[in-house]
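A.B. asks: Following this line is input_38.txt, made up of compact mmCIF, C-alpha atoms and all ligand atoms:
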# COMPACT_ATOMS: atom_id res chain seq x y z
CA MET J 471 -16.13 1.39 6.03
CA LYS J 472 -13.96 -0.77 3.76
CA LEU J 473 -13.54 0.83 0.32
CA CYS J 474 -12.13 -1.11 -2.61
CA ARG J 475 -11.64 -1.18 -6.35
CA PHE J 476 -12.55 -4.44 -8.05
CA GLN J 477 -13.44 -6.29 -11.21
CA PRO J 478 -16.37 -8.70 -11.11
CA LEU J 479 -15.49 -12.23 -12.22
CA GLU J 480 -18.19 -13.37 -14.61
CA PHE J 481 -19.30 -16.84 -15.56
CA SER J 482 -19.38 -17.30 -19.29
CA SER J 483 -21.62 -20.25 -18.50
CA ALA J 484 -23.33 -21.11 -15.22
CA ASN J 485 -21.70 -24.57 -15.38
CA LEU J 486 -18.07 -23.41 -15.49
CA GLY J 487 -15.85 -23.76 -12.38
CA ARG J 488 -13.86 -21.05 -10.62
CA SER J 489 -10.73 -21.41 -12.73
CA GLU J 490 -12.75 -20.72 -15.85
CA LYS J 491 -14.19 -17.46 -14.64
CA SER J 492 -12.97 -14.59 -16.78
CA LEU J 493 -11.96 -11.14 -15.62
CA HIS J 494 -14.33 -8.32 -16.34
CA PRO J 495 -12.21 -5.62 -17.99
CA GLU J 496 -13.78 -2.71 -16.15
CA ALA J 497 -12.67 -1.51 -12.70
CA ARG J 498 -15.39 -0.50 -10.25
CA ALA J 499 -15.44 1.04 -6.77
CA GLY J 500 -17.16 -0.70 -3.91
CA VAL J 501 -17.84 -0.98 -0.21
CA ILE J 502 -17.11 -4.36 1.39
CA GLU J 503 -19.82 -5.40 3.85
CA GLY J 504 -19.45 -8.90 5.29
CA ALA J 505 -19.09 -11.36 2.40
CA GLU J 506 -20.45 -8.89 -0.15
CA VAL J 507 -19.22 -5.96 -2.24
CA ARG J 508 -21.72 -3.18 -2.91
CA GLU J 509 -20.80 -1.11 -5.94
CA ILE J 510 -20.52 2.70 -5.49
CA LYS J 511 -20.15 5.41 -8.12
CA SER J 512 -16.89 6.80 -6.71
CA LEU J 513 -14.36 6.07 -3.95
CA PHE J 514 -14.58 9.72 -2.91
CA GLY J 515 -17.33 11.65 -1.18
CA ALA J 516 -20.41 10.16 0.47
CA PRO J 517 -20.94 6.66 -1.01
CA ALA J 518 -23.58 6.59 -3.79
CA PHE J 519 -24.67 2.95 -4.17
CA THR J 520 -25.53 1.76 -7.68
CA GLY J 521 -27.60 -1.18 -6.43
CA ASN J 522 -25.18 -3.74 -7.98
CA ASN J 523 -23.81 -6.18 -5.39
CA TRP J 524 -21.49 -9.18 -5.70
CA PRO J 525 -20.39 -11.93 -3.31
CA LEU J 526 -16.69 -11.40 -2.39
CA ASP J 527 -15.69 -14.68 -4.06
CA GLU J 528 -17.04 -13.44 -7.38
CA ILE J 529 -14.81 -10.37 -7.60
CA HIS J 530 -11.09 -9.69 -8.02
CA LEU J 531 -9.69 -6.92 -5.78
CA LEU J 532 -7.50 -4.33 -7.54
CA VAL J 533 -5.09 -1.68 -6.23
CA PRO J 534 -7.54 0.18 -3.95
CA SER J 535 -6.91 3.65 -5.40
CA VAL J 536 -5.32 5.06 -8.54
CA PRO J 537 -2.53 7.30 -7.22
CA THR J 538 -0.90 10.09 -9.25
CA LYS J 539 2.06 9.52 -6.91
CA ILE J 540 3.14 7.21 -4.11
CA VAL J 541 5.13 9.20 -1.56
CA CYS J 542 7.18 7.17 0.92
CA VAL J 543 8.78 8.08 4.22
CA GLY J 544 12.18 6.50 4.85
CA ARG J 545 13.60 5.64 8.29
CA ASN J 546 10.47 6.51 10.27
CA TYR J 547 11.16 3.84 12.91
CA ALA J 548 14.46 4.30 14.81
CA GLU J 549 15.19 0.56 15.03
CA HIS J 550 14.80 0.14 11.27
CA ALA J 551 17.16 3.08 10.60
CA ALA J 552 19.69 1.42 12.92
CA GLU J 553 19.44 -2.03 11.33
CA LEU J 554 20.55 -0.56 7.98
CA GLY J 555 23.30 1.50 9.67
CA ASN J 556 21.53 4.83 9.19
CA GLU J 557 21.11 7.79 11.52
CA VAL J 558 17.64 8.76 12.68
CA PRO J 559 16.53 11.64 10.40
CA LYS J 560 15.85 15.07 11.96
CA GLU J 561 13.15 15.79 9.40
CA PRO J 562 10.98 13.34 7.41
CA LEU J 563 12.97 11.76 4.58
CA ILE J 564 10.70 11.36 1.57
CA PHE J 565 11.04 9.65 -1.79
CA LEU J 566 8.68 8.52 -4.56
CA LYS J 567 7.62 5.23 -6.08
CA PRO J 568 5.96 5.46 -9.51
CA PRO J 569 2.27 4.51 -9.87
CA SER J 570 3.46 1.89 -12.39
CA SER J 571 5.01 -0.09 -9.50
CA ALA J 572 1.59 -0.63 -7.85
CA ILE J 573 -0.11 -4.03 -7.82
CA GLY J 574 -3.16 -5.31 -5.96
CA PRO J 575 -3.57 -8.16 -3.48
CA ASP J 576 -2.56 -11.66 -4.68
CA GLU J 577 -0.69 -10.31 -7.72
CA PRO J 578 2.93 -11.55 -7.94
CA ILE J 579 5.94 -9.44 -6.97
CA LEU J 580 8.45 -10.09 -9.77
CA ILE J 581 12.15 -10.29 -8.85
CA PRO J 582 14.33 -8.85 -11.65
CA SER J 583 17.52 -10.74 -12.50
CA ILE J 584 19.57 -7.51 -12.22
CA SER J 585 19.10 -7.52 -8.42
CA GLN J 586 20.58 -10.08 -6.05
CA ARG J 587 18.76 -8.73 -3.03
CA VAL J 588 15.09 -7.75 -3.01
CA ASP J 589 13.60 -6.89 0.40
CA TYR J 590 10.06 -6.62 1.75
CA GLU J 591 9.14 -3.51 3.77
CA GLY J 592 5.73 -3.82 5.42
CA GLU J 593 4.06 -0.47 6.12
CA PHE J 594 0.70 1.16 6.60
CA ALA J 595 -0.28 3.77 4.05
CA ILE J 596 -2.50 6.85 4.01
CA VAL J 597 -4.86 7.28 1.04
CA ILE J 598 -5.71 10.92 0.29
CA GLY J 599 -9.39 11.81 -0.16
CA GLU J 600 -9.27 15.58 -0.76
CA THR J 601 -6.81 17.89 -2.49
CA CYS J 602 -4.25 19.11 0.03
CA TYR J 603 -1.61 21.78 -0.50
CA MET J 604 0.08 23.80 2.26
CA PRO J 605 -2.62 23.32 4.92
CA ALA J 606 -2.87 26.12 7.49
CA ALA J 607 -1.01 25.69 10.78
CA GLY J 608 -3.28 24.03 13.32
CA GLU J 609 -5.72 22.80 10.64
CA ASP J 610 -7.20 19.36 11.32
CA LEU J 611 -5.78 17.17 8.54
CA ARG J 612 -8.27 14.31 8.90
CA ARG J 613 -10.50 15.85 6.23
CA TYR J 614 -7.79 15.18 3.64
CA VAL J 615 -7.51 11.49 4.52
CA LEU J 616 -9.83 8.98 2.83
CA GLY J 617 -8.50 6.08 4.87
CA TYR J 618 -5.65 3.67 5.47
CA THR J 619 -4.35 0.49 3.89
CA CYS J 620 -1.38 -1.92 3.89
CA LEU J 621 1.57 -1.41 1.57
CA ASN J 622 4.74 -3.35 0.80
CA ASP J 623 7.60 -0.99 -0.17
CA VAL J 624 9.54 -3.70 -2.04
CA THR J 625 13.14 -2.60 -2.52
CA ALA J 626 16.10 -3.87 -4.56
CA ARG J 627 18.50 -3.20 -1.67
CA ASP J 628 21.72 -3.81 -3.62
CA ILE J 629 20.66 -1.35 -6.34
CA GLN J 630 19.47 1.21 -3.75
CA LYS J 631 22.91 1.09 -2.06
CA ARG J 632 24.81 1.23 -5.34
CA ASP J 633 22.83 4.15 -6.79
CA ILE J 634 22.49 6.19 -3.55
CA GLN J 635 19.39 7.72 -5.18
CA PHE J 636 16.40 5.51 -4.33
CA THR J 637 14.63 5.74 -7.69
CA ARG J 638 15.82 2.59 -9.47
CA GLY J 639 15.86 0.27 -6.44
CA LYS J 640 12.33 1.24 -5.39
CA SER J 641 10.59 1.56 -8.75
CA PHE J 642 10.51 -1.80 -10.52
CA ASP J 643 7.07 -2.83 -11.82
CA THR J 644 5.26 -4.88 -9.11
CA PHE J 645 7.41 -3.36 -6.28
CA CYS J 646 4.43 -1.68 -4.59
CA PRO J 647 1.65 -4.04 -3.49
CA ILE J 648 -1.21 -1.99 -1.97
CA GLY J 649 -4.44 -3.20 -0.33
CA PRO J 650 -6.49 -5.24 0.17
CA PHE J 651 -8.88 -2.28 0.71
CA ILE J 652 -9.03 1.18 2.32
CA GLU J 653 -10.28 1.27 5.92
CA THR J 654 -11.91 4.62 6.63
CA ASP J 655 -12.47 4.03 10.38
CA TRP J 656 -9.14 3.12 11.92
CA ASP J 657 -7.53 3.86 15.24
CA LEU J 658 -3.96 4.66 14.31
CA ALA J 659 -2.91 5.26 17.92
CA SER J 660 -2.97 1.60 18.97
CA ALA J 661 -2.07 -0.25 15.77
CA THR J 662 0.64 -2.75 14.91
CA VAL J 663 2.40 -3.42 11.60
CA GLU J 664 3.67 -6.95 10.92
CA THR J 665 5.20 -8.78 7.98
CA HIS J 666 5.15 -12.56 7.56
CA VAL J 667 7.11 -14.48 4.93
CA ASN J 668 5.86 -18.03 4.31
CA GLY J 669 3.88 -17.77 7.54
CA GLN J 670 6.89 -16.77 9.68
CA ARG J 671 6.80 -13.38 11.40
CA LYS J 672 9.70 -11.19 10.24
CA GLN J 673 8.68 -7.63 11.11
CA PHE J 674 6.79 -6.18 14.02
CA GLY J 675 6.27 -2.57 14.98
CA HIS J 676 3.83 -0.35 16.77
CA THR J 677 2.57 2.92 15.29
CA SER J 678 3.53 4.62 18.58
CA GLN J 679 7.20 4.03 17.61
CA MET J 680 6.96 6.22 14.50
CA LEU J 681 9.38 9.15 14.60
CA PHE J 682 7.03 11.41 12.61
CA SER J 683 3.24 11.35 12.96
CA THR J 684 0.89 11.07 9.99
CA ASP J 685 0.01 14.77 10.43
CA ALA J 686 3.67 15.76 10.39
CA ILE J 687 4.23 13.63 7.27
CA ILE J 688 1.23 15.04 5.36
CA ARG J 689 2.27 18.61 6.25
CA TRP J 690 5.87 17.95 5.19
CA ILE J 691 4.85 16.53 1.82
CA ALA J 692 2.13 19.13 1.14
CA GLN J 693 4.69 21.93 1.53
CA VAL J 694 6.25 20.54 -1.62
CA MET J 695 3.57 18.96 -3.79
CA THR J 696 -0.21 19.02 -4.09
CA LEU J 697 -1.73 15.79 -2.81
CA VAL J 698 -4.79 14.78 -4.81
CA PRO J 699 -7.53 12.18 -4.16
CA GLY J 700 -6.15 8.68 -4.56
CA ASP J 701 -2.54 9.60 -3.77
CA VAL J 702 -0.83 7.18 -1.40
CA ILE J 703 1.65 7.94 1.39
CA ALA J 704 3.67 5.01 2.79
CA THR J 705 4.62 5.81 6.39
CA GLY J 706 7.85 3.84 6.83
CA THR J 707 8.77 0.31 7.85
CA PRO J 708 9.44 -1.15 11.31
CA PRO J 709 12.60 -3.24 11.99
CA GLY J 710 13.10 -6.72 10.56
CA VAL J 711 13.48 -6.12 6.83
CA GLY J 712 14.85 -9.06 4.88
CA ALA J 713 15.03 -10.78 1.52
CA LEU J 714 12.34 -12.23 -0.71
CA VAL J 715 12.98 -15.01 -3.23
CA ALA J 716 10.84 -16.57 -5.93
CA GLY J 717 8.34 -18.98 -4.41
CA ASP J 718 7.83 -16.95 -1.21
CA THR J 719 4.49 -15.59 -0.05
CA VAL J 720 4.70 -12.25 1.77
CA GLU J 721 1.95 -10.82 3.97
CA VAL J 722 1.76 -7.30 5.42
CA SER J 723 -0.77 -7.09 8.26
CA VAL J 724 -1.91 -3.91 9.96
CA SER J 725 -4.13 -4.41 13.01
CA GLY J 726 -7.59 -3.00 12.47
CA ILE J 727 -7.13 -2.95 8.70
CA GLY J 728 -6.30 -6.39 7.32
CA THR J 729 -3.67 -8.43 5.48
CA LEU J 730 -2.12 -7.76 2.08
CA ARG J 731 -0.83 -11.05 0.62
CA ASN J 732 1.34 -11.41 -2.49
CA PRO J 733 3.24 -14.32 -4.02
CA VAL J 734 6.82 -13.76 -5.25
CA ALA J 735 8.05 -14.97 -8.64
CA ALA J 736 11.12 -14.47 -10.84
CA ARG J 737 10.82 -11.91 -13.63
CA GLU J 738 11.73 -13.38 -17.00
CA ALA J 739 14.89 -11.23 -17.21
ZN ZN B 1 9.76 1.89 3.06
Can you give me the file's structure in the form of structure tokens?
Ligand code: ZN
C.D. replies:
Amino acid sequence: MKLCRFQPLEFSSANLGRSEKSLHPEARAGVIEGAEVREIKSLFGAPAFTGNNWPLDEIHLLVPSVPTKIVCVGRNYAEHAAELGNEVPKEPLIFLKPPSSAIGPDEPILIPSISQRVDYEGEFAIVIGETCYMPAAGEDLRRYVLGYTCLNDVTARDIQKRDIQFTRGKSFDTFCPIGPFIETDWDLASATVETHVNGQRKQFGHTSQMLFSTDAIIRWIAQVMTLVPGDVIATGTPPGVGALVAGDTVEVSVSGIGTLRNPVAAREA
């Protein structure tokens, strides 16, 4: 099942063209089936359909969940750790991105003038479906997972290096594209993560190369903080990170899920 959050585009007059459609101010949850979105009452629990359906080209996809936190795993692929001159961590290395950095598909990533080097980091992300805190040893963690999506952990690399702490370099508004939707049925064991910039493949990795499994990551985080429905966990980036500049289009593709596409523009300052 493909879960999403969306706003219906509405014609103010049946004669107006696409560019004149206005955005409906209200966010809704939905299930994508073929070329249609079927509205549901909530992203969580068994889907309760409202009976309202829209064609996909008459809606605007939003960030697929509303996280209270976005927890990221650093250096979870050995080759990526090596390309930045870092050791492979012995335990998961976690950091946070603020919810205010999240944007949906097709929304622009804005490059701030105070950074000279902004990188893409294509990743797959876990979306939490049930409250999880200190799960029992041996407990099956799948019940806490709503599904999976694509995420771009955009990073001001120069600021990250200068500060040592990751907060500033990882937290600019627009630095966390998420989407395009949440796939609830996904075979993680045989998936690939790729990033293309302007159609050229820059990153490629296989989930089998991850140093820490999704279970290990969820357990590690939930020893520290309560994960609540909608929270997002980014699982780390494969090798091949590189710079983005204004005018680029960046795409993060996860096999079996889909492609998250965002344009890149300069921030005004
Ligand atoms: Zn990352």
A.B. asks: Compute the set of protein, DNA and RNA residues whose minimum atom distance to ligand ZN 1 (chain B) is at most 7 Å, using only C-alpha atoms and all ligand atoms, and state it as a list of chain:residue names.
C.D. replies: J:Cys542, J:Val543, J:Gly544, J:Glu591, J:Glu593, J:Asp623, J:Ala704, J:Gly706, J:Thr707
A.B. asks: Go ahead and save the residues from that selection, with C-alpha atoms, as a tab-separated table (two decimals), keeping the file's coordinate frame.
C.D. replies:
chain	number	residue	atom	x	y	z
J	542	CYS	CA	7.18	7.17	0.92
J	543	VAL	CA	8.78	8.08	4.22
J	544	GLY	CA	12.18	6.50	4.85
J	591	GLU	CA	9.14	-3.51	3.77
J	593	GLU	CA	4.06	-0.47	6.12
J	623	ASP	CA	7.60	-0.99	-0.17
J	704	ALA	CA	3.67	5.01	2.79
J	706	GLY	CA	7.85	3.84	6.83
J	707	THR	CA	8.77	0.31	7.85
A.B. asks: Which residue out of J:Lys539, J:His676, J:Arg508, J:Arg638 has the minimum interatomic distance to Gly700 in chain J when all atoms listed in the file are used?
C.D. replies: J:Lys539
A.B. asks: Please measure the separation of CA of Asn546 in chain J and CA of Pro647 in chain J, giving the value in Å to one decimal.
C.D. replies: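 Calculated distance between CA of Asn546 in chain J and CA of Pro647 in chain J is 19.5 Å.
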A.B. asks: Looking at J:Gln477, J:Gln673, J:Gln630, J:Asn523, which one is nearest to Glu721 in chain J, with distances taken over only C-alpha atoms?
C.D. replies: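 Nearest candidate to Glu721 in chain J out of J:Gln477, J:Gln673, J:Gln630, J:Asn523: J:Gln673.
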A.B. asks: In Å, with one decimal, what is the gap from CA of Ile502 in chain J to CA of Phe476 in chain J?
C.D. replies: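 Computing the Euclidean distance for CA of Ile502 in chain J and CA of Phe476 in chain J yields 10.5 Å.
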A.B. asks: Using all atoms listed in the file, which of J:Leu513, J:Ala713, J:Ala661, J:Ala595 sits nearest Ser725 in chain J?
C.D. replies: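 For Ser725 in chain J, the nearest of the given residues is J:Ala661.
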A.B. asks: Nearest to Phe565 in chain J: which of J:Phe674, J:Phe645, J:Phe682, J:Phe636 is it, counting all atoms listed in the file?
C.D. replies: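 Selected residue with least distance to Phe565 in chain J: J:Phe636.
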A.B. asks: One number please: CA of Leu616 in chain J to CA of Phe651 in chain J, in Å, one decimal.
C.D. replies: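 Interatomic distance here is 11.5 Å.
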A.B. asks: Which residues, protein or nucleic acid, reach to within 12 Å of (14.3, 14.8, 13.5) in the file's coordinates when using only C-alpha atoms, and can you give that as a PyMOL selection string?
C.D. replies: chain J and resi 545-548+557-563+680-683+686-687
A.B. asks: For the residues selected in the previous step, produce a file with C-alpha atoms as a PDB file, keeping the file's coordinate frame.
C.D. replies:
ATOM      1  CA  ARG J 545      13.600   5.640   8.290  1.00  0.00           C
ATOM      2  CA  ASN J 546      10.470   6.510  10.270  1.00  0.00           C
ATOM      3  CA  TYR J 547      11.160   3.840  12.910  1.00  0.00           C
ATOM      4  CA  ALA J 548      14.460   4.300  14.810  1.00  0.00           C
ATOM      5  CA  GLU J 557      21.110   7.790  11.520  1.00  0.00           C
ATOM      6  CA  VAL J 558      17.640   8.760  12.680  1.00  0.00           C
ATOM      7  CA  PRO J 559      16.530  11.640  10.400  1.00  0.00           C
ATOM      8  CA  LYS J 560      15.850  15.070  11.960  1.00  0.00           C
ATOM      9  CA  GLU J 561      13.150  15.790   9.400  1.00  0.00           C
ATOM     10  CA  PRO J 562      10.980  13.340   7.410  1.00  0.00           C
ATOM     11  CA  LEU J 563      12.970  11.760   4.580  1.00  0.00           C
ATOM     12  CA  MET J 680       6.960   6.220  14.500  1.00  0.00           C
ATOM     13  CA  LEU J 681       9.380   9.150  14.600  1.00  0.00           C
ATOM     14  CA  PHE J 682       7.030  11.410  12.610  1.00  0.00           C
ATOM     15  CA  SER J 683       3.240  11.350  12.960  1.00  0.00           C
ATOM     16  CA  ALA J 686       3.670  15.760  10.390  1.00  0.00           C
ATOM     17  CA  ILE J 687       4.230  13.630   7.270  1.00  0.00           C
TER      18      ILE J 687
END
A.B. asks: Tell me which protein, DNA and RNA residues are within 8 Å of Arg731 in chain J, counting all atoms listed in the file, leaving out same-chain ones fewer than 6 positions away, and put them as a list in words.
C.D. replies: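 Near neighbours after the sequence-gap exclusion: Pro575, Asp576, Thr719, Val720, Glu721 and Val722 of chain J.
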